[in-house]
file structure37.txt (compact mmCIF, C-alpha atoms)
# COMPACT_ATOMS: atom_id res chain seq x y z
CA MET O 10 114.18 96.71 65.05
CA ALA O 11 116.91 97.31 67.62
CA LEU O 12 118.40 94.49 69.64
CA LYS O 13 117.25 94.47 73.27
CA LEU O 14 119.87 93.71 75.91
CA TYR O 15 118.66 93.03 79.44
CA GLY O 16 121.36 93.89 81.96
CA THR O 17 123.11 96.75 83.67
CA ALA O 18 125.90 99.09 82.60
CA MET O 19 128.01 98.31 85.70
CA SER O 20 128.05 94.58 85.04
CA THR O 21 131.10 92.96 83.48
CA CYS O 22 129.16 90.54 81.31
CA THR O 23 126.70 93.16 80.13
CA SER O 24 129.65 95.44 79.28
CA ARG O 25 131.20 92.66 77.24
CA VAL O 26 128.16 92.69 74.98
CA LEU O 27 127.83 96.49 74.94
CA THR O 28 131.43 96.80 73.74
CA CYS O 29 130.67 94.39 70.92
CA PHE O 30 127.59 96.42 69.95
CA HIS O 31 129.70 99.59 69.72
CA GLU O 32 132.47 97.90 67.70
CA LYS O 33 129.82 96.77 65.22
CA SER O 34 127.80 100.03 65.36
CA VAL O 35 124.69 97.99 66.07
CA ASP O 36 121.43 99.65 67.17
CA PHE O 37 120.43 98.46 70.59
CA GLU O 38 118.36 99.23 73.67
CA LEU O 39 119.68 98.49 77.17
CA VAL O 40 116.80 97.36 79.37
CA PRO O 41 117.85 97.73 83.01
CA VAL O 42 117.55 94.71 85.34
CA ASP O 43 117.53 95.57 89.02
CA LEU O 44 120.09 93.20 90.53
CA PHE O 45 119.84 94.66 94.01
CA ALA O 46 116.12 93.89 94.02
CA GLY O 47 116.83 90.36 92.77
CA GLU O 48 114.94 90.93 89.53
CA HIS O 49 117.24 88.49 87.68
CA LYS O 50 116.13 85.62 89.91
CA GLN O 51 112.41 86.19 89.43
CA PRO O 52 110.07 84.36 87.05
CA PRO O 53 109.68 87.01 84.33
CA PHE O 54 113.45 87.19 83.87
CA LEU O 55 114.00 83.44 84.32
CA VAL O 56 111.99 82.95 81.14
CA LYS O 57 114.78 84.78 79.31
CA ASN O 58 117.66 83.12 81.16
CA PRO O 59 116.75 80.09 83.27
CA PHE O 60 120.10 80.38 85.07
CA GLY O 61 119.04 83.77 86.47
CA GLN O 62 121.99 85.79 85.20
CA ILE O 63 122.44 88.91 83.12
CA PRO O 64 122.72 89.69 80.29
CA ALA O 65 120.03 88.26 78.04
CA LEU O 66 119.46 89.34 74.45
CA GLU O 67 116.24 89.56 72.50
CA ASP O 68 116.47 89.83 68.72
CA GLY O 69 112.92 89.55 67.47
CA ASP O 70 111.84 86.00 68.32
CA LEU O 71 115.30 84.85 69.33
CA THR O 72 116.35 84.98 72.98
CA LEU O 73 119.98 84.32 73.92
CA PHE O 74 121.97 84.31 77.12
CA GLU O 75 125.68 83.78 78.04
CA SER O 76 127.52 86.99 77.09
CA ARG O 77 130.16 85.20 75.01
CA ALA O 78 127.48 83.42 72.99
CA ILE O 79 125.74 86.76 72.47
CA THR O 80 128.90 88.54 71.28
CA SER O 81 129.66 85.64 68.92
CA TYR O 82 126.12 85.83 67.53
CA VAL O 83 126.34 89.60 67.00
CA ALA O 84 129.81 89.37 65.44
CA GLU O 85 128.55 86.66 63.09
CA LYS O 86 125.21 88.27 62.23
CA PHE O 87 126.85 91.61 61.43
CA LYS O 88 130.06 90.18 59.99
CA GLY O 89 129.65 92.10 56.76
CA THR O 90 129.64 95.53 58.40
CA GLY O 91 131.80 97.41 60.85
CA TYR O 92 134.97 95.96 62.33
CA ASP O 93 135.58 92.26 61.65
CA LEU O 94 135.87 90.79 65.13
CA ILE O 95 135.88 87.15 64.07
CA ARG O 96 138.07 86.97 60.89
CA HIS O 97 135.18 85.30 59.12
CA GLU O 98 136.94 85.07 55.77
CA ASN O 99 139.95 83.14 57.05
CA LEU O 100 139.20 79.78 58.59
CA ASN O 101 142.50 79.42 60.43
CA GLU O 102 142.48 82.96 61.85
CA ALA O 103 138.85 82.44 62.89
CA ALA O 104 139.93 79.27 64.71
CA LEU O 105 142.67 81.11 66.61
CA VAL O 106 140.11 83.69 67.71
CA LYS O 107 138.03 80.81 69.06
CA VAL O 108 141.04 79.30 70.86
CA TRP O 109 141.72 82.54 72.73
CA MET O 110 138.02 83.06 73.50
CA GLU O 111 138.08 79.65 75.17
CA VAL O 112 141.30 80.55 77.00
CA GLU O 113 139.63 83.70 78.35
CA SER O 114 136.62 81.70 79.45
CA HIS O 115 138.39 78.71 81.05
CA GLN O 116 141.81 80.02 82.16
CA TYR O 117 141.61 83.79 82.58
CA ASN O 118 138.10 84.30 83.91
CA PRO O 119 138.25 81.80 86.81
CA ALA O 120 141.45 83.49 88.03
CA ILE O 121 140.36 87.11 87.68
CA ALA O 122 136.68 86.93 88.65
CA PRO O 123 137.22 86.25 92.38
CA ILE O 124 139.60 89.23 92.62
CA VAL O 125 137.03 91.58 91.10
CA TYR O 126 134.22 90.11 93.17
CA GLN O 127 136.07 90.28 96.50
CA SER O 128 137.57 93.71 95.93
CA LEU O 129 134.71 95.61 94.34
CA VAL O 130 131.42 93.75 94.57
CA ALA O 131 131.44 92.09 98.00
CA PRO O 132 131.75 95.46 99.79
CA LEU O 133 128.54 96.59 98.09
CA GLN O 134 126.82 93.58 99.60
CA GLY O 135 128.08 94.51 103.07
CA LYS O 136 130.82 91.86 103.09
CA SER O 137 134.53 92.26 103.83
CA PRO O 138 136.93 91.28 101.06
CA ASP O 139 138.51 87.88 101.70
CA GLN O 140 142.21 88.58 101.25
CA SER O 141 143.19 84.91 101.14
CA ILE O 142 140.93 84.39 98.11
CA ILE O 143 142.37 87.48 96.48
CA ASP O 144 145.95 86.33 97.12
CA ALA O 145 145.35 82.83 95.76
CA SER O 146 143.64 84.24 92.67
CA VAL O 147 146.41 86.77 92.05
CA GLU O 148 148.92 83.93 92.06
CA LYS O 149 146.78 81.91 89.65
CA LEU O 150 146.25 84.91 87.39
CA GLY O 151 149.99 85.62 87.39
CA LYS O 152 150.68 82.15 85.98
CA VAL O 153 148.06 82.62 83.27
CA LEU O 154 149.50 86.03 82.40
CA ASP O 155 152.96 84.51 82.07
CA VAL O 156 151.55 82.54 79.14
CA TYR O 157 149.94 85.72 77.77
CA GLU O 158 153.25 87.58 78.11
CA ALA O 159 155.01 84.92 76.04
CA ARG O 160 152.22 84.93 73.47
CA LEU O 161 152.11 88.72 73.14
CA THR O 162 155.84 88.82 72.60
CA GLY O 163 155.16 87.12 69.27
CA THR O 164 151.87 88.74 68.22
CA ARG O 165 150.31 92.13 68.76
CA TYR O 166 147.00 90.71 69.92
CA LEU O 167 145.99 87.31 71.26
CA ALA O 168 144.80 85.55 68.11
CA GLY O 169 147.35 87.22 65.83
CA ASP O 170 148.34 90.68 64.68
CA PHE O 171 144.70 91.73 64.57
CA TYR O 172 142.29 92.84 67.27
CA SER O 173 139.48 90.34 67.69
CA LEU O 174 136.60 89.22 69.84
CA ALA O 175 139.14 87.22 71.87
CA ASP O 176 140.82 90.44 73.09
CA LEU O 177 137.46 92.16 73.56
CA HIS O 178 136.21 89.46 75.92
CA HIS O 179 138.99 90.39 78.36
CA LEU O 180 138.04 94.05 78.66
CA PRO O 181 135.41 94.27 81.40
CA TYR O 182 137.00 92.16 84.13
CA THR O 183 140.46 93.56 83.42
CA TYR O 184 139.11 97.11 83.60
CA TYR O 185 137.89 96.44 87.13
CA LEU O 186 141.09 94.57 88.07
CA MET O 187 143.09 97.69 87.17
CA LYS O 188 141.23 99.60 89.89
CA THR O 189 142.59 97.25 92.55
CA PRO O 190 146.11 96.64 93.94
CA ALA O 191 146.15 93.43 91.88
CA ALA O 192 146.72 95.63 88.83
CA SER O 193 150.39 94.94 89.46
CA VAL O 194 150.06 91.60 87.62
CA VAL O 195 149.48 93.60 84.45
CA HIS O 196 152.01 96.36 85.14
CA GLU O 197 154.76 93.81 85.79
CA ARG O 198 154.43 92.25 82.33
CA PRO O 199 155.44 94.73 79.60
CA HIS O 200 153.73 93.04 76.64
CA VAL O 201 150.53 92.38 78.59
CA LYS O 202 150.61 95.99 79.76
CA ALA O 203 151.05 97.33 76.22
CA TRP O 204 148.26 95.06 74.98
CA TRP O 205 145.97 96.25 77.77
CA GLU O 206 146.68 99.92 77.05
CA ASP O 207 145.94 99.35 73.39
CA ILE O 208 142.66 97.47 73.71
CA SER O 209 141.29 99.59 76.53
CA SER O 210 141.82 102.78 74.56
CA ARG O 211 139.55 101.71 71.71
CA PRO O 212 136.64 104.17 71.41
CA ALA O 213 134.03 101.38 71.62
CA PHE O 214 135.32 100.35 75.02
CA LYS O 215 135.85 103.86 76.34
CA LYS O 216 132.14 104.49 75.77
CA VAL O 217 131.21 101.42 77.79
CA ALA O 218 133.75 102.09 80.55
CA GLU O 219 131.92 105.31 81.40
CA GLY O 220 129.10 103.20 82.78
CA MET O 221 131.31 100.76 84.69
CA LYS O 222 131.12 102.33 88.10
CA PHE O 223 132.15 99.66 90.63
CA GLY O 224 135.06 100.94 92.68
CA GLY O 225 134.54 104.56 91.67
CA LYS O 226 136.35 106.32 88.84
CA MET L 8 148.01 63.22 56.36
CA ALA L 9 145.76 62.40 59.29
CA VAL L 10 145.02 64.95 61.97
CA LYS L 11 146.96 64.30 65.20
CA VAL L 12 145.02 64.46 68.46
CA TYR L 13 147.19 64.55 71.59
CA GLY L 14 145.62 63.21 74.75
CA PRO L 15 144.52 60.03 76.46
CA ALA L 16 141.43 58.46 74.93
CA THR L 17 139.95 58.20 78.41
CA ALA L 18 139.95 61.95 79.16
CA VAL L 19 136.85 64.10 78.70
CA CYS L 20 138.22 66.93 76.59
CA PRO L 21 140.08 64.78 74.04
CA GLN L 22 136.89 62.71 73.75
CA ARG L 23 134.93 65.82 72.86
CA VAL L 24 137.28 66.31 69.89
CA MET L 25 137.29 62.62 68.93
CA VAL L 26 133.48 62.42 68.74
CA CYS L 27 133.37 65.51 66.54
CA LEU L 28 136.00 64.16 64.16
CA LEU L 29 134.13 60.85 63.98
CA GLU L 30 130.85 62.67 63.23
CA LYS L 31 132.61 64.50 60.41
CA GLY L 32 134.45 61.44 59.08
CA VAL L 33 137.85 63.10 59.61
CA GLU L 34 140.72 60.64 59.96
CA PHE L 35 142.87 61.15 63.00
CA ASP L 36 145.73 59.56 64.94
CA LEU L 37 145.48 59.62 68.69
CA VAL L 38 148.82 60.36 70.35
CA HIS L 39 148.69 59.25 73.96
CA VAL L 40 149.71 61.73 76.66
CA ASP L 41 150.36 60.27 80.10
CA LEU L 42 148.51 62.57 82.49
CA ASP L 43 149.28 60.41 85.53
CA SER L 44 152.99 61.05 85.16
CA GLY L 45 152.43 64.73 84.35
CA GLU L 46 153.62 64.50 80.75
CA GLN L 47 151.36 67.44 79.88
CA LYS L 48 153.41 69.72 82.17
CA LEU L 49 156.78 68.90 80.63
CA PRO L 50 158.55 71.55 78.53
CA GLU L 51 158.15 69.63 75.25
CA PHE L 52 154.41 69.48 75.71
CA LEU L 53 154.15 73.08 76.91
CA LEU L 54 155.50 74.08 73.50
CA LYS L 55 152.32 72.64 72.03
CA GLN L 56 149.91 73.80 74.76
CA PRO L 57 151.29 76.50 77.06
CA PHE L 58 148.66 75.88 79.76
CA GLY L 59 149.76 72.25 80.06
CA GLN L 60 146.42 70.66 79.17
CA VAL L 61 145.00 68.15 76.70
CA PRO L 62 143.88 67.97 73.98
CA VAL L 63 146.05 69.54 71.33
CA VAL L 64 145.34 69.02 67.65
CA GLU L 65 147.95 69.24 64.89
CA ASP L 66 146.55 69.48 61.40
CA GLY L 67 149.61 69.72 59.17
CA ASP L 68 151.29 72.97 60.23
CA PHE L 69 148.28 74.24 62.07
CA ARG L 70 148.02 73.67 65.81
CA LEU L 71 144.96 74.25 67.97
CA TYR L 72 143.99 73.68 71.58
CA GLU L 73 140.88 74.18 73.77
CA SER L 74 138.53 71.37 72.77
CA ARG L 75 135.50 73.60 72.19
CA ALA L 76 137.47 75.81 69.79
CA ILE L 77 138.76 72.71 68.00
CA ILE L 78 135.30 71.26 67.42
CA ARG L 79 133.97 74.59 66.14
CA TYR L 80 136.88 74.77 63.71
CA TYR L 81 136.17 71.32 62.30
CA ALA L 82 132.42 71.88 62.17
CA ALA L 83 133.08 75.00 60.07
CA LYS L 84 135.88 73.47 57.97
CA TYR L 85 133.83 70.43 57.04
CA GLU L 86 130.43 72.02 57.00
CA ASP L 87 129.46 69.98 53.96
CA ARG L 88 130.74 66.69 55.27
CA GLY L 89 129.46 64.05 57.64
CA THR L 90 126.59 64.93 59.96
CA LYS L 91 124.62 67.52 58.01
CA SER L 92 125.93 71.04 58.25
CA THR L 93 122.99 72.79 59.82
CA GLY L 94 122.96 69.98 62.34
CA LEU L 95 126.45 70.32 63.65
CA HIS L 96 127.14 74.03 63.52
CA THR L 97 126.10 75.18 66.93
CA ARG L 98 123.41 77.82 67.44
CA ARG L 99 125.40 78.85 70.51
CA GLU L 100 122.38 79.25 72.76
CA SER L 101 123.40 76.51 75.11
CA SER L 102 126.90 75.59 74.00
CA GLU L 103 128.44 77.77 76.69
CA SER L 104 126.59 76.12 79.55
CA GLY L 105 128.59 72.93 79.01
CA SER L 106 131.11 74.17 81.52
CA LYS L 107 128.45 74.18 84.26
CA VAL L 108 128.17 70.37 84.09
CA THR L 109 131.72 69.29 85.03
CA PRO L 110 131.56 66.28 87.38
CA THR L 111 132.19 67.28 90.98
CA TRP L 112 132.22 65.53 94.32
CA SER L 113 131.10 67.70 97.22
CA LYS L 114 127.51 67.86 98.49
CA LEU L 115 127.31 71.56 97.71
CA SER L 116 128.54 70.96 94.17
CA ARG L 117 126.05 68.16 93.72
CA ARG L 118 123.18 70.39 94.74
CA LYS L 119 124.44 72.99 92.27
CA LEU L 120 124.65 70.34 89.57
CA GLU L 121 121.10 69.16 90.26
CA LYS L 122 119.81 72.72 89.88
CA VAL L 123 121.58 72.97 86.53
CA LEU L 124 120.16 69.61 85.41
CA ASP L 125 116.68 70.84 86.35
CA VAL L 126 117.16 73.71 83.89
CA TYR L 127 118.24 71.22 81.22
CA GLU L 128 115.18 69.07 81.94
CA LYS L 129 112.93 72.09 81.35
CA ARG L 130 114.82 72.99 78.19
CA LEU L 131 114.52 69.46 76.80
CA SER L 132 110.78 69.55 77.42
CA ARG L 133 110.61 72.30 74.80
CA SER L 134 112.96 70.85 72.19
CA LYS L 135 114.43 67.48 71.32
CA TYR L 136 118.03 68.66 71.61
CA LEU L 137 119.62 71.53 73.50
CA ALA L 138 119.70 74.11 70.72
CA GLY L 139 116.56 72.99 68.89
CA GLU L 140 115.24 70.04 66.95
CA SER L 141 118.61 68.93 65.55
CA PHE L 142 121.69 67.38 67.12
CA THR L 143 124.43 70.02 67.29
CA LEU L 144 127.81 70.73 68.84
CA ALA L 145 125.92 71.85 71.92
CA ASP L 146 124.76 68.27 72.59
CA LEU L 147 128.05 66.74 71.45
CA SER L 148 129.98 68.96 73.84
CA HIS L 149 128.16 67.48 76.82
CA MET L 150 128.67 63.86 75.99
CA PRO L 151 132.03 62.95 77.53
CA ALA L 152 131.30 64.61 80.87
CA THR L 153 127.83 63.06 81.03
CA ARG L 154 129.26 59.60 80.47
CA TYR L 155 131.76 60.23 83.25
CA LEU L 156 128.98 61.42 85.55
CA ILE L 157 127.05 58.20 84.99
CA SER L 158 129.99 55.77 85.06
CA GLU L 159 132.99 56.79 87.18
CA ALA L 160 131.11 59.33 89.31
CA GLY L 161 128.24 56.91 89.92
CA LEU L 162 125.66 59.67 89.61
CA GLY L 163 123.60 58.07 86.84
CA HIS L 164 120.41 58.50 88.86
CA LEU L 165 120.69 62.28 88.38
CA VAL L 166 120.10 61.63 84.69
CA LYS L 167 117.69 58.67 85.02
CA ASP L 168 115.45 60.61 87.43
CA ARG L 169 114.88 63.29 84.80
CA LYS L 170 112.65 61.95 82.05
CA LYS L 171 113.58 64.29 79.21
CA LEU L 172 117.24 64.40 80.13
CA ASN L 173 117.35 60.63 80.21
CA ALA L 174 115.64 60.36 76.80
CA TRP L 175 118.11 62.89 75.40
CA TRP L 176 121.07 60.94 76.78
CA GLU L 177 119.76 57.60 75.43
CA ASP L 178 119.32 59.21 72.04
CA ILE L 179 122.68 60.91 71.70
CA SER L 180 124.68 58.07 73.25
CA SER L 181 123.31 55.68 70.65
CA ARG L 182 124.92 57.63 67.82
CA PRO L 183 127.46 55.53 65.85
CA SER L 184 130.20 58.13 66.37
CA TRP L 185 129.77 57.87 70.15
CA LYS L 186 129.85 54.10 70.11
CA LYS L 187 133.03 54.19 68.06
CA MET L 188 134.59 56.63 70.52
CA ILE L 189 133.71 54.30 73.42
CA ASP L 190 135.52 51.53 71.53
CA LEU L 191 138.59 53.67 70.99
CA ALA L 192 138.64 54.62 74.64
CA GLY L 193 138.38 50.98 75.68
CA PHE L 194 135.34 51.51 77.92

call {"tool": "encode", "arguments": {"input": "structure37.txt", "output": "structure tokens"}}
result
Amino acid sequence: MALKLYGTAMSTCTSRVLTCFHEKSVDFELVPVDLFAGEHKQPPFLVKNPFGQIPALEDGDLTLFESRAITSYVAEKFKGTGYDLIRHENLNEAALVKVWMEVESHQYNPAIAPIVYQSLVAPLQGKSPDQSIIDASVEKLGKVLDVYEARLTGTRYLAGDFYSLADLHHLPYTYYLMKTPAASVVHERPHVKAWWEDISSRPAFKKVAEGMKFGGK
Amino acid sequence: MAVKVYGPATAVCPQRVMVCLLEKGVEFDLVHVDLDSGEQKLPEFLLKQPFGQVPVVEDGDFRLYESRAIIRYYAAKYEDRGTKSTGLHTRRESSESGSKVTPTWSKLSRRKLEKVLDVYEKRLSRSKYLAGESFTLADLSHMPATRYLISEAGLGHLVKDRKKLNAWWEDISSRPSWKKMIDLAGF
């Protein structure tokens, strides 16, 4: 039975999971959730995710939420097939993947998310982008990317010389960032830029990017 | 050779690692880092942790940071040791929501926190611990921040007012590993 993912193709967090599905060649069904109608905040959906956010996953009796928990579950469950996103046979490599997944979650995401929200999402809600938030976030993101630049000078990908779930987790927000003037933070850092061009050209992500329509093509 | 944990014993994220190592019976040396004087931002420390944060763990040649990655590493490495394996290896359902419960001060943040705690209350009405019927990394992950919330932040009533949440906290904070950590931290 196929995995059911509740979410929407435009959403960053849903896309994070979709990319993982494609890397693992997992059968799935995307069940649309109407964000504009507030479906994610209503009782039937709150049963799946009490925090009222997409995506949520149903795998038979198991319901999960938090996109990074879902991708980790999928990568673990299907670790024997498709691309090995979590280096499951090497404890130390697996740990480094986890380190950089935490870095994405706690350092990268808080800096990049406001830029994407202000630039691409707020206008859809009839709000004007707050440039002071964008500017402060760009500065913060620049400092984080300085660490990435140093790291990627030594390794091809974040956890080592292998593509992993840690790199994948960066794809959706960075894809949207690159549609804004803030893309300069990536362009200005040669190793980050090369890393971005590499990971965003993977077929699994290109498939998902087709559905990521905030900010136009 | 004992594992080295860099960080003050009084800080939340090093505590998360310490409790896990105690649960697993892994010997460690705590190397104090003076956050008040900004030691974590000095070049020598940045070599260990480029974001200038604690904790860092050195296990022989192997260095790790980000406390939640560290505890997952040790839970996997010592799956057969200490607190039983299926108990400590997180099911991941709620381990990520730990970052929603960082102690905060403003009224708006408090309201946000209360909404989150209401979700936890509902969750704990369905199962004894966050991920199911066993104590896991998901519960462990929450412990240092919850202690801080009750003690330094003076917001203990947010926990006491929620029956299931309170029972969960009483249960997990009575674990020997937690009591030992409290000792080490000098609380």

call {"tool": "interface_residues", "arguments": {"input": "structure37.txt", "of": "chain O", "to": "chain L", "cutoff": "7 Å", "atoms": "only C-alpha atoms", "output": "MDAnalysis selection string"}}
result
chainID O and resid 59 73:75 78 104 107:108 111 156

call {"tool": "atom_distance", "arguments": {"input": "structure37.txt", "atom1": "CA of Lys114 in chain L", "atom2": "CA of Leu162 in chain L"}}
result
12.2 Å

call {"tool": "atom_distance", "arguments": {"input": "structure37.txt", "atom1": "CA of Lys188 in chain O", "atom2": "CA of Tyr15 in chain O"}}
result
25.7 Å

call {"tool": "axis_aligned_box", "arguments": {"input": "structure37.txt", "around": "range 121-135 of chain O", "padding_each_side": "3 Å", "output": "AutoDock Vina command-line options"}}
result
--center_x 133.6 --center_y 91.4 --center_z 95.4 --size_x 19.5 --size_y 16.3 --size_z 21.4

call {"tool": "residues_near_point", "arguments": {"input": "structure37.txt", "point": "(129.4, 92.1, 70.4)", "cutoff": "12 Å", "atoms": "all atoms listed in the file", "output": "PyMOL selection string"}}
result
chain O and resi 12+14+22-37+66+75-88+91-95+173-178+213-214

call {"tool": "residues_around", "arguments": {"input": "structure37.txt", "residues": "Val19 in chain L", "least_positions_apart": "4", "cutoff": "10 Å", "atoms": "all atoms listed in the file", "output": "PyMOL selection string"}}
result
chain L and resi 14-15+23-25+61-62+74+109+148-155

call {"tool": "write_last_selection", "arguments": {"input": "structure37.txt", "atoms": "C-alpha atoms", "output": "tab-separated table (two decimals), in the frame of the given file"}}
result
chain	number	residue	atom	x	y	z
L	14	GLY	CA	145.62	63.21	74.75
L	15	PRO	CA	144.52	60.03	76.46
L	23	ARG	CA	134.93	65.82	72.86
L	24	VAL	CA	137.28	66.31	69.89
L	25	MET	CA	137.29	62.62	68.93
L	61	VAL	CA	145.00	68.15	76.70
L	62	PRO	CA	143.88	67.97	73.98
L	74	SER	CA	138.53	71.37	72.77
L	109	THR	CA	131.72	69.29	85.03
L	148	SER	CA	129.98	68.96	73.84
L	149	HIS	CA	128.16	67.48	76.82
L	150	MET	CA	128.67	63.86	75.99
L	151	PRO	CA	132.03	62.95	77.53
L	152	ALA	CA	131.30	64.61	80.87
L	153	THR	CA	127.83	63.06	81.03
L	154	ARG	CA	129.26	59.60	80.47
L	155	TYR	CA	131.76	60.23	83.25

call {"tool": "closest_residue", "arguments": {"input": "structure37.txt", "among": "L:Leu144, L:Pro183, L:Glu128, L:Val63", "to": "Asp168 in chain L", "atoms": "all atoms listed in the file"}}
result
L:Glu128

call {"tool": "atom_distance", "arguments": {"input": "structure37.txt", "atom1": "CA of Ser141 in chain O", "atom2": "CA of Ala120 in chain O"}}
result
13.3 Å

call {"tool": "closest_residue", "arguments": {"input": "structure37.txt", "among": "L:Phe194, L:Ser113, L:Glu121, L:Val40", "to": "Ser158 in chain L", "atoms": "all atoms listed in the file"}}
result
L:Phe194

call {"tool": "residues_around", "arguments": {"input": "structure37.txt", "residues": "range 186-189 of chain L", "least_positions_apart": "4", "cutoff": "8 Å", "atoms": "all atoms listed in the file", "output": "list in words"}}
result
Gln22, Met25, Val26, Leu29, Ser180, Ser181, Arg182, Gly193 and Phe194 of chain L

call {"tool": "residues_around", "arguments": {"input": "structure37.txt", "residues": "Tyr157 in chain O", "least_positions_apart": "5", "cutoff": "10 Å", "atoms": "all atoms listed in the file", "output": "PyMOL selection string"}}
result
(chain O and resi 117+151-152+162+166-167+198+200-201+204) or (chain L and resi 57)
